[in-house]
Every structure is written in C-alpha cells, then in structure tokens.
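Step one of this worksheet: look at the structure below.
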Amino acid sequence: MLVAFAGGKCLPASPFVVDPQKLLFSLSSLLAAAATLAIAFSASLPRPWWALLTVYVTAQPMAGAFRPKVLYRLGGILTGAAVTILLVPNLQNSPELLVLCLAAWTGFCIYLAVLDRTPRAFLFQMAAFSSAVISFPYLDDPGNIFETTAARVQEMTVAILCVTAVHALLQPWSATPAIRARVQSFLGHARRWTSEALGSHHTRLEDAHRRALAADVTELGMIAVHLPFDQRWAPATRRRVTALQQQLATILPLASAAANRLDRLRESADLPPMLEALLADVTDWLDDEQSELHRVGSLVRRCEALAAAAEARGDWNDLLTASACIRIAEFLTALAASRRLADRIGSPGRPSAKILAAESFSLARDHGVAALAGLATATAIGLYCAVWILLAWPNGSATAAFAALITCSFAAQDDPAPVIGRYLVATLKTFPLGALYLFVIMPRVDGYEMLIVTLAPALLWMGYIQADPARSPQALPMFSCFIVAMGFLARFQADFALFINTGLAQLGGIVATLAVTRMFRSANVLWTARRILRANWGELALLADIRRPFRPDRWTARAVDRLGQVAARMAVATAGDRLHAADGLADLRIGRNIIPIRRALSHVPHNVRHRLGAVLAGLAVFYHERWRHGHADAPPPGLLEPIDRALEALLSLPLDEHRRPALRALVGMRCNLFPTAAAPHIVSSRAGESA
C-alpha cells in the first residue's frame, strides 16, 4: 500500500494515491525512451525496439544503483559482441559446434556471475545473453553478422547512455537513504530479538529473526558498492558502511551467546539478584526505541564489574554469569557503535583512523553452486537449440533468443521456476495491450512526436509498476511483450501473422525455459543449503587446525553471510529434514570461540598449551567429520573432557588479556557443544592471580 505524508506524519493512503517518487522514476524512463527513439530513428538504426527495450531493462529506481551497472553492462555488451564476431563467422558451417560453443560461453559467464555476488556480476550476465540474443536470430544468415552485431551494440549503447544521462539529471533515488533504512531495520530487529532472548523467549523467535538479521548485513554490503557513484563524499561513506558491517556482523553471535549462557544458568538455578537487575535495565534500554546512547557506558561498566567479581570466585555458575555479562557488554558496545556509524552515513567529514583501516566485508562464495548454475544454463540453451535445429522451426531462433534472455536473467536464483511462471503470466496479460496498440492505435499515428504521446500512457503505467519493489518483477515481461510486439522498424508494419509468430516465439521461449528449469533447477534449493553448511563446517575445521595458517579476520563475515543464505533456504525444508538440525548460529558462536583460544596458545605455559591444543584438535576432527559426512552429527562425548581439563588449567593461572578471553571462549564452547552436560568439577583457587 502506498503511503502519503502530511505535516510530517505518515498517513495510510488509498490504493489510488500516486507515489511521487515512483512517478518521477517512470517519467525519467519515458524521457530516456523518447531520447533513445529520437536518436535511433535519426540514425536509421535497424532495430529501434532493441534500444527501447534496453532502456527499461537498464533503468533502476535507485540512482546510485544503475550508475555502476551502466559501466558493467556496457563492458558486457562489448564482450558479448566480440565473442559473437569471433565464433559465428568461423563456425557458421558447423551449427552444432557453434551452438555448443555459445552454450559453453553462456554457462561460463553465468558461473562467474553467480560466483561474484556483487553488481560486477551484471558484466558477466550481459556478456552471456548479449552474445546469445545477437547470435541466435541470425545463425540462418550469418553473412552480415558483423554489421548486425555493430547495429545491436549501437542500439543498446545509445539506450544505456540515455538512461544514464536522464536519471543522473533527475536523480530519482539515492543509495544513502536505502542504506540508512537497511541499518535501521537491522538495529530494530536486533533490539527486539535481544530483548526477548535475554528474557528466555529466543527459541521461538530465533529462526525468523536471524534470517532477517543475516540478510540485512549481506544486503547492506550490496548497496554499499553503489556509494562511490552516488555523491562526492561517497568514498568516506563507503568506509563507514564497511566499518558498520563489521560491527553488525558481531551483534548476532554476541546476543545469541548471551542468551545461551542465560539459558544454562536458568536451568541450573535462579539468576543472581544483581544479574536480574542488570538484565532488567538492559531490556528497558533495548525496548526504548528513543534510548540515549550515553546510558550504554554505565550498563557496560556494570556488566564488566559483575563479570570480574564472578570470575574471581571461579565456580561453574559464576563462570556462566561472567560469560553472559561479558557478551552482553560486547553486544551493547557493538550496538552503540553501529548506531553512531549509522547516524554519520551520508555526512561529509573525514572518518576516524579505525574506520579508514576497516577491510571490505567478505562474502562467502561457492564454486560448486556457481558451476551448477552455469551448467544448467548451458544445458538449457543447448536443448533449446537442438529442438530448433532438429525441427527446422522458422521461428526457433527467436525462441532460443528469448529463452537465453530469460535463463540468463534468473540464473542466479536457486529455483527460478516460480519467477519464470509469473513472467509467463505477465506476458499473457500484456498481449491484448500490444494488439490494441499495433492494430487499432498505431495505424492512426503520424510522426515521432505523436508516437511518443501515444506510447506515453502505457510506458508510464509499466514504468510505475517497475518502480514498485513488490511488483517490479512483472515489469520486464510486460515491457518485453509490449515493445517486441510493436516491432519498431523504419516503417510501420501491422502484420497479424508476424505479430502471432513473434508472440508464439516469446511464449515458446518462456515455456521452454520453465520446463527446463523445473527439470534441472527446482530440486536444488536444499542441496545448495546443505552445501553452504558443509562449506562452513570445512572452514571451522581449518580454523581449529593449528597446523593451518590462522586468518580469522574475515571468518565472521563469511559465517554471517552463510547463515543468511542458509536461513533463507530453510523455509522450503520439510519439518523432518535434517537441515533443521544444523544450527548455524551455534556454529558461528563456536567459531568465534576458537579464535581467542588460538590467540592464547603463545601466551600460556607448555602444559596448558597442550590442553588447549587437544581441544582444538578435537574440534578440527569433529567439524572435518561433519564436512565429510554432510550431516549435523552430535559432538563426540570424548571432546567434553579436554574442554574441562583446559578450563581447569586456565583457572590455575593468572588471567591476563590473552588468557581471560580464552577462558570465556572455553565456557562458551562447552555450553554450545554440550548444553545438557553436568557442571564440571573445577578447582576454584588460582595461585597468584592478578585482578
């Protein structure tokens, strides 16, 4: 539903209220389309509809989003054109080999696009389907392939440059408000979830909240890529966003770790009165959306004082109390830092040295998933072309071109079938409009100016739909059906047989794509989720292996990214699927506990180092077995004793800046791996401990 603003207040709007931002976007696209057609007609380009369609494929509602994609799309078009010129003339006498090479090239580009997971993927996607849609319609007559390729490149380049110029002038949206909105969404989810988690209600809400939280962190990085193209102080803002991502990535494991410790305490006994009072104050601060940041300092100091007093006693419940307090303190610190960074995004000024040193947020990449998407795309295109060649279907080349366009557009999705099904429905809905324009309205149009005025109502309506995130997937098939049906040529041609054949070619391409997608891709969602989990287990095994290089800096970012990917896919898993047994959040907490233990190895005596090494070795074997079997097997009972012995060994030493985090990590690891185990027998006295 649209929202109207009056006097600074948000009012519910009726469905008939026009959103000015969406209308501005649609009007911008219409002006770009008008400029594109003017250039195409004046330059006598052979297929102006190619240019017009490219306008609406390229247009993006957010100004900062389409500018980098323009560069990538132009590079992709030139790359696809170069491959077309390289392959078609040399293999024109061997159509089977030519189709095989084009399918292999398209599959390789989709592999790179799925692997990349940044806006740079548009370069590979455009290279894939530009070569396909340029090549397939002209394989029957490849003699003029160079002129044809040059014309397609000119048409698409004119369209992209017109869209860039018009949207740069009107600037419909900026990336900065989108980033602020995403950050506020994350912080709101985190505050609500943590408030409920500290009150022991997190089990019911954990899956829904962590899905939203992990997805927000990853999407924030996708939007941040656009910032250098959005405003003059964007490089500084982008560094702030990078630092913000690093803070947000720690919030989820810290909050869940605190809730986990509190669960263990509640199972064994009532919470200490001082801890109950602290939790009440923290929850009040989290529940207050207008809470002041200066209160965080006093809450953090109370957490640290309570943790120090509890660790001095050394009892197991005291260690749990200390662990919960420290995780709450770290969570509050990260949340406050995130709020400060969020408030400064989009503001000029030099960032701090800490922000300037922040490394880019690392995304998890899976070569196997990317290879599957590329293989499925190449196989699908090969099958389309095989049917076309074997049946000698005159319109088969157009069907193959449409099928390649659709396949490449949705190749990055696990299961593109539902989206392609909606694509088919939107196409069928637009055919009557195309027929009305072609056979009733267009014959009465005379001249370029009248043409633009006549097309304006339809293009404005579809452009408005494109600007609405909930309905934007419908826009591309509507534009494709409408513009291709018009068949803008140098001279108007209302040919009913051509209209029907073109429509059947479009529908054939969509139906063929849908059929192949259901055969090759629809069953792969859970497979992808299990593969992502296995990759996380493999990285945990390497992180715990002291024989491997220790590179923990980007591990948390990749683990949070994988958590979001898996959580988004678990919605399709059945209730009894073993995927639900894999708690990615527990794995994330354990990984963060491995890091301080490895850092403490060089700061403890040899006998203690040996005990910590035994814990790490057991973890490496455990996660390696999980990775090898592909199942979320329970940890071996034999791992509990090394953890307890390492705890006892650390408690016998004075705690410093390295040993204290390792002690807290062992407490957290025991709670995560063996939540139902009895409390360990720990000697509470520590000789010569320093405060």
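A note on labels: chains of the structure tokens are A, B, ... as shown, every chain counts residues from 1, and ligands are counted from 1 in their shown order.
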Please identify all polymer residues within 8 Å of Val615 in chain A, counting only C-alpha atoms, omitting same-chain residues fewer than 5 positions from it, and present them as number ranges by chain. A: 639, 642-643, 646
Restricted to all heavy atoms, what would the selected residues look like written as a PDB file, in the first residue's frame?
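Result went into again_19.pdb, see below:
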ATOM      1  N   LEU A 639      35.017 -35.243  23.583  1.00  0.00           N
ATOM      2  CA  LEU A 639      35.513 -33.876  23.490  1.00  0.00           C
ATOM      3  C   LEU A 639      35.248 -33.081  24.762  1.00  0.00           C
ATOM      4  O   LEU A 639      35.896 -32.058  25.012  1.00  0.00           O
ATOM      5  CB  LEU A 639      34.857 -33.179  22.285  1.00  0.00           C
ATOM      6  CG  LEU A 639      35.323 -31.776  21.922  1.00  0.00           C
ATOM      7  CD1 LEU A 639      36.826 -31.735  21.663  1.00  0.00           C
ATOM      8  CD2 LEU A 639      34.569 -31.270  20.688  1.00  0.00           C
ATOM      9  N   PRO A 642      38.535 -32.956  27.357  1.00  0.00           N
ATOM     10  CA  PRO A 642      39.587 -31.972  27.058  1.00  0.00           C
ATOM     11  C   PRO A 642      39.170 -30.537  27.358  1.00  0.00           C
ATOM     12  O   PRO A 642      39.992 -29.728  27.806  1.00  0.00           O
ATOM     13  CB  PRO A 642      39.853 -32.184  25.565  1.00  0.00           C
ATOM     14  CG  PRO A 642      39.431 -33.578  25.291  1.00  0.00           C
ATOM     15  CD  PRO A 642      38.278 -33.839  26.213  1.00  0.00           C
ATOM     16  N   ILE A 643      37.899 -30.215  27.136  1.00  0.00           N
ATOM     17  CA  ILE A 643      37.441 -28.856  27.429  1.00  0.00           C
ATOM     18  C   ILE A 643      37.499 -28.600  28.933  1.00  0.00           C
ATOM     19  O   ILE A 643      37.979 -27.539  29.386  1.00  0.00           O
ATOM     20  CB  ILE A 643      36.012 -28.652  26.887  1.00  0.00           C
ATOM     21  CG1 ILE A 643      36.005 -28.686  25.356  1.00  0.00           C
ATOM     22  CG2 ILE A 643      35.432 -27.326  27.380  1.00  0.00           C
ATOM     23  CD1 ILE A 643      34.636 -28.588  24.734  1.00  0.00           C
ATOM     24  N   ALA A 646      41.102 -28.217  30.060  1.00  0.00           N
ATOM     25  CA  ALA A 646      41.647 -26.920  29.654  1.00  0.00           C
ATOM     26  C   ALA A 646      41.089 -25.801  30.532  1.00  0.00           C
ATOM     27  O   ALA A 646      41.816 -24.860  30.889  1.00  0.00           O
ATOM     28  CB  ALA A 646      41.324 -26.667  28.185  1.00  0.00           C
TER      29      ALA A 646
END
Excluding Pro680 in chain A and any residue of its chain fewer than 6 positions from it, enumerate the residues within 10 Å of it, using only C-alpha atoms, and give them as a ChimeraX atom specification. /A:315-317,640-641,643-645,647-648,670
Write to file, as a PDB file, in the first residue's frame, the residues of the selection just made, with N, CA and C atoms.
ATOM      1  N   ASP A 315      33.574 -20.583  40.389  1.00  0.00           N
ATOM      2  CA  ASP A 315      32.598 -21.671  40.300  1.00  0.00           C
ATOM      3  C   ASP A 315      32.007 -21.699  38.882  1.00  0.00           C
ATOM      4  N   TRP A 316      31.451 -22.874  38.476  1.00  0.00           N
ATOM      5  CA  TRP A 316      30.925 -23.003  37.115  1.00  0.00           C
ATOM      6  C   TRP A 316      29.794 -22.006  36.857  1.00  0.00           C
ATOM      7  N   ASN A 317      28.852 -21.911  37.797  1.00  0.00           N
ATOM      8  CA  ASN A 317      27.774 -20.947  37.607  1.00  0.00           C
ATOM      9  C   ASN A 317      28.304 -19.517  37.568  1.00  0.00           C
ATOM     10  N   LEU A 640      34.323 -33.562  25.599  1.00  0.00           N
ATOM     11  CA  LEU A 640      33.980 -32.825  26.813  1.00  0.00           C
ATOM     12  C   LEU A 640      35.135 -32.807  27.805  1.00  0.00           C
ATOM     13  N   GLU A 641      35.816 -33.932  27.968  1.00  0.00           N
ATOM     14  CA  GLU A 641      36.907 -33.999  28.950  1.00  0.00           C
ATOM     15  C   GLU A 641      38.050 -33.043  28.610  1.00  0.00           C
ATOM     16  N   ILE A 643      37.899 -30.215  27.136  1.00  0.00           N
ATOM     17  CA  ILE A 643      37.441 -28.856  27.429  1.00  0.00           C
ATOM     18  C   ILE A 643      37.499 -28.600  28.933  1.00  0.00           C
ATOM     19  N   ASP A 644      37.030 -29.558  29.744  1.00  0.00           N
ATOM     20  CA  ASP A 644      37.052 -29.379  31.195  1.00  0.00           C
ATOM     21  C   ASP A 644      38.479 -29.293  31.721  1.00  0.00           C
ATOM     22  N   ARG A 645      39.381 -30.113  31.180  1.00  0.00           N
ATOM     23  CA  ARG A 645      40.781 -30.068  31.630  1.00  0.00           C
ATOM     24  C   ARG A 645      41.429 -28.742  31.245  1.00  0.00           C
ATOM     25  N   LEU A 647      39.809 -25.894  30.902  1.00  0.00           N
ATOM     26  CA  LEU A 647      39.230 -24.913  31.814  1.00  0.00           C
ATOM     27  C   LEU A 647      39.970 -24.901  33.145  1.00  0.00           C
ATOM     28  N   GLU A 648      40.172 -26.076  33.683  1.00  0.00           N
ATOM     29  CA  GLU A 648      40.848 -26.175  34.975  1.00  0.00           C
ATOM     30  C   GLU A 648      42.277 -25.646  34.891  1.00  0.00           C
ATOM     31  N   ARG A 670      31.778 -25.016  25.683  1.00  0.00           N
ATOM     32  CA  ARG A 670      31.153 -26.115  26.424  1.00  0.00           C
ATOM     33  C   ARG A 670      29.631 -25.968  26.404  1.00  0.00           C
TER      34      ARG A 670
END
Would you mind listing what lies within 7 Å of range 305-309 of chain A as a PyMOL selection string, with only C-alpha atoms counted and same-chain residues fewer than 6 positions away left out? chain A and resi 321-322+325-326
Using only N, CA, C and O atoms, please write the residues we just selected to a file, as a CSV table (one decimal), in the first residue's frame.
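Dumped everything to out28.csv:
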chain,number,residue,atom,x,y,z
A,321,THR,N,27.9,-16.9,34.6
A,321,THR,CA,27.5,-15.5,34.8
A,321,THR,C,28.4,-14.5,34.2
A,321,THR,O,28.0,-13.5,33.5
A,322,ALA,N,29.7,-14.7,34.4
A,322,ALA,CA,30.7,-13.8,33.8
A,322,ALA,C,30.6,-13.8,32.3
A,322,ALA,O,30.7,-12.8,31.6
A,325,CYS,N,27.6,-11.8,31.1
A,325,CYS,CA,27.8,-10.4,31.3
A,325,CYS,C,28.7,-9.8,30.3
A,325,CYS,O,28.5,-8.7,29.7
A,326,ILE,N,29.8,-10.5,30.0
A,326,ILE,CA,30.8,-10.0,29.0
A,326,ILE,C,30.2,-10.0,27.6
A,326,ILE,O,30.3,-9.0,26.9
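Residues in contact with Leu673 in chain A at 10 Å, where only C-alpha atoms are counted and same-chain residues fewer than 5 positions away are skipped, are listed as Ala586, Asp587, Ile590, Ala634, Pro635, Pro636, Pro637, Leu639, Leu640 and Gly668 of chain A.
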Could you list, as a ChimeraX atom specification, every residue within 12 Å of Thr58 in chain A, counting only C-alpha atoms and ignoring same-chain residues fewer than 5 positions away? /A:29,32-33,51-53,63,65-74,122,126,156-164,167,463,466,476,479
If you keep C-alpha atoms, can you produce a file of those selected residues as a JSON list (two decimals), in the first residue's frame?
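Listing of selection.json after writing:
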[["chain", "number", "residue", "atom", "x", "y", "z"],
["A", 29, "SER", "CA", 12.44, 6.37, -18.01],
["A", 32, "ALA", "CA", 15.09, 8.39, -21.73],
["A", 33, "ALA", "CA", 12.98, 6.23, -24.05],
["A", 51, "ALA", "CA", 17.18, 0.22, -27.94],
["A", 52, "LEU", "CA", 13.78, 0.92, -26.39],
["A", 53, "LEU", "CA", 13.72, -2.41, -24.56],
["A", 63, "ALA", "CA", 20.27, 6.46, -8.74],
["A", 65, "ALA", "CA", 22.37, 1.53, -8.25],
["A", 66, "PHE", "CA", 22.21, 1.98, -12.01],
["A", 67, "ARG", "CA", 25.38, 4.05, -12.48],
["A", 68, "PRO", "CA", 27.94, 1.29, -11.74],
["A", 69, "LYS", "CA", 25.75, -1.20, -13.57],
["A", 70, "VAL", "CA", 25.90, 1.03, -16.65],
["A", 71, "LEU", "CA", 29.65, 0.53, -16.82],
["A", 72, "TYR", "CA", 29.34, -3.19, -16.27],
["A", 73, "ARG", "CA", 26.57, -3.53, -18.83],
["A", 74, "LEU", "CA", 28.50, -1.64, -21.49],
["A", 122, "PHE", "CA", 25.99, -7.65, -14.39],
["A", 126, "MET", "CA", 25.20, -9.04, -20.04],
["A", 156, "MET", "CA", 21.95, -0.87, -26.73],
["A", 157, "THR", "CA", 24.74, 1.63, -26.08],
["A", 158, "VAL", "CA", 22.54, 4.57, -27.09],
["A", 159, "ALA", "CA", 19.83, 3.33, -24.74],
["A", 160, "ILE", "CA", 22.17, 2.86, -21.80],
["A", 161, "LEU", "CA", 23.76, 6.29, -22.22],
["A", 162, "CYS", "CA", 20.34, 7.98, -22.50],
["A", 163, "VAL", "CA", 19.12, 6.28, -19.33],
["A", 164, "THR", "CA", 22.30, 7.29, -17.53],
["A", 167, "HIS", "CA", 18.45, 9.61, -14.43],
["A", 463, "GLY", "CA", 7.36, 2.21, -15.51],
["A", 466, "GLN", "CA", 8.77, -1.18, -12.27],
["A", 476, "LEU", "CA", 10.29, -6.76, -17.50],
["A", 479, "PHE", "CA", 7.95, -4.28, -21.44]]
If you run DSSP on this backbone, which residues of range 265-513 of chain A come out as alpha helix (DSSP H), and could you give them as a PyMOL selection string? chain A and resi 265-268+273-287+294-313+316-344+353-356+367-391+396-409+417-436+448-467+472-486+496-513
Just want the 9 Å neighbourhood of range 108-111 of chain A, counted on only C-alpha atoms, with same-chain residues fewer than 6 positions away dropped. Output as a list in words. Ala121, Leu123, Phe124, Gln125, Met126, Ala127, Ala128, His367, Val369, Ala370, Ala371, Leu372, Ala373, Gly374, Leu375, Thr377, Ala378, Cys408, Ala411 and Ala412 of chain A
With only C-alpha atoms as the counted atoms, please give the residues lying no more than 10 Å from Arg339 in chain A, apart from itself and same-chain residues fewer than 6 positions off, as a PyMOL selection string. chain A and resi 183-184+187+244+247-248+293
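Nearest residue to Leu102 in chain A among A:Ala400, A:Arg182, A:Leu319, A:Leu286 is A:Ala400, counting only C-alpha atoms.
In this comparison, which uses only C-alpha atoms, the residue of A:Ser44, A:Ala280, A:Arg551, A:Gly143 approaching Asn93 in chain A most closely is A:Gly143.
As for CA of Ala677 in chain A and CA of His610 in chain A, they are spaced 23.6 Å apart.
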Measuring atom to atom with only C-alpha atoms, identify which of A:Phe410, A:Tyr464, A:Tyr384, A:Phe482 is nearest to Ala398 in chain A. A:Tyr384
